[in-house]
Amino acid sequence: MTRQSSYQRGFVSDPIRTRRGVVFKIRYRVRKAAGGWKQRSETLYDLSGKKAAREVLDRRIGDSTTINFEAGELTLRDFVVNYWTPSLDRKGLKASTRESYDSAMERHILPAFGDYRIRDVAPLHIEQFTQAKLRVGLSAKTVRNLLLVLQGICSLAVDNDLILKSPIRKSHKPVCRRREKPVWVPKQVLAIIQAAPQAYRAFFCCAGLTGPRLGELLGLQWKHIDLAGRKLRIEQSLWHGKLVPPKTLGSVRTIYFGNALANALTEHFQQAFSVGPDDFVFCKRDSSPLHPDVLRKDVLYPILDKLGIKRNSGTSGFHTFRHSAASILNEQTGNLKLAQKLLGHSNIDMTAEVYTHTSAEAEREAALAIERAIYGDLFPVVPNLGNRNNSAAIN
């Protein structure tokens with residue numbers, strides 16, 4: 001890029017002491033869209049010295065050769081309203097994803113950066129934003145998600161030649177340490193199903209045996225259930241009382257089931273008040289949808305507490321049925337592709353990393369399998385006899 005410095009040097013002041021610290025003032029010209037030039041001045045904060053101020057000025061002069069002046073005056077708030085939001089509309093994001101973006105924007109990003117000109121948001125501002133959010137107690141994952149939304153805004157600004165480079169750097173994003181997701185072993189899943197109130201027995205049975213997302217389970221209508229063929233079809237999800245498409249194309253799937261769920265669903269059908277094709281399988285007496293929070297707090301949690309099954313905040317909801325089903329299936333069959341199909345994942349890596357777990361017994365069997373493959377029967381497998389006299393002589 002050819003800079004204007006050949007005929008414009010601009011002006012950098014000497015250091016100026018203020019209550020906010022040492023600042024520098026710069027002046028330079030920018031070309032107007034209709035032609036001609038306009039004088040521009042800025043006050044620069046938090047710089048190490050005059051050389052750093054000169055570098056900023058040089059970038060401003062260089063930017064003015066490619067960035068339209070009026071467009072460069074856009075605040076981040078104006079850019080979000082006029083450009084970023086319409087870009088989201090074009091993408092057709094899921095309603096839940098869109099809601100999380102809007103929440104991040106209104107609660108965190110716009111209060112921090114809304115009044116900044118988009119071209120003035122600097123890496124140091126991002127660093128300060130990250131530190132501030134972590135100090136008030138937001139988790140590393142939440143802060144990382146906020147930065148990803150902000151990065152999407154900046155990427156669109158780059159695509160539209162408003163800025164030359166995103167101010168967000170890899171070092172700004174907190175490291176998120178993945179925690180092991182809790183799972184319930186088969187005996188626990190069965191105990192939870194059996195402890196469920198009769199009105200919710202089929203619901204819990206379906207959650208435990210088929211591993212759907214909660215929204216997919218609540219979105220089931222009787223037209224999706226084939227009792228004779230022992231299968232159900234996931235084609236939609238319930239979100240905030242509305243039917244929406246499932247999470248991904250891979251989420252549209254057919255799930256087969258056995259006699260246990262068939263019997264539970266048959267009994268549920270016989271006792272249901274509404275059994276039309278478009279009626280919800282699991283609903284209130286007035287046929288309106290069940291509420292996820294009510295199910296979790298008023299039904300699931302009391303069952304777990306009654307059974308003495310440990311639960312942690314944010315990790316012991318209905319999604320644990322999903323983790324458990326995948327882990328049980330993987331442990332019983334060793335077929336990760338089947339687990340991926342059951343869960344409706346587009347990417348098998350997600351199934352492998354997040355939704356499958358191994359038991360200590362399975363890990364022991366894996367170690368013994370390797371040993372048998374290498375040593376054959378040279379070291380026969382013997383049961384664990386508990387405490388033994390380790391000082392006994394070896395014959």
# chains A, B, ... in the order shown; residues from 1 in each chain; ligands from 1
call {"tool": "residues_around", "arguments": {"residues": "Asn259 in chain A", "least_positions_apart": "2", "cutoff": "12 Å", "atoms": "only C-alpha atoms", "output": "VMD selection string"}}
result
chain A and resid 205 to 206 209 227 to 231 256 to 257 261 to 266
call {"tool": "atom_distance", "arguments": {"atom1": "CA of Ser166 in chain A", "atom2": "CA of Arg77 in chain A"}}
result
16.4 Å
call {"tool": "select_by_dssp", "arguments": {"residues": "range 7-200 of chain A", "states": "helix (DSSP H, G or I)", "output": "PyMOL selection string"}}
result
chain A and resi 50-63+69-72+76-91+95-113+118-120+123-135+140-159+170-172+186-195+198-200
call {"tool": "residues_around", "arguments": {"residues": "Gly114 in chain A", "least_positions_apart": "5", "cutoff": "10 Å", "atoms": "only C-alpha atoms", "output": "list in words"}}
result
Thr75, Leu76, Arg77, Asp78, Phe79, Val80, Met105, Glu106, His108 and Ile109 of chain A
call {"tool": "atom_distance", "arguments": {"atom1": "CA of Ala202 in chain A", "atom2": "CA of Lys247 in chain A"}}
result
23.8 Å
call {"tool": "closest_residue", "arguments": {"among": "A:Lys165, A:Lys306, A:Lys133, A:Lys50", "to": "Ala196 in chain A", "atoms": "only C-alpha atoms"}}
result
A:Lys306
call {"tool": "atom_distance", "arguments": {"atom1": "CA of Thr130 in chain A", "atom2": "CA of His319 in chain A"}}
result
29.5 Å
call {"tool": "select_by_dssp", "arguments": {"residues": "range 163-284 of chain A", "states": "strand (DSSP E or B)", "output": "ChimeraX atom specification"}}
result
/A:221,225-226,231-234,237-239,242-244,253-256,280,283
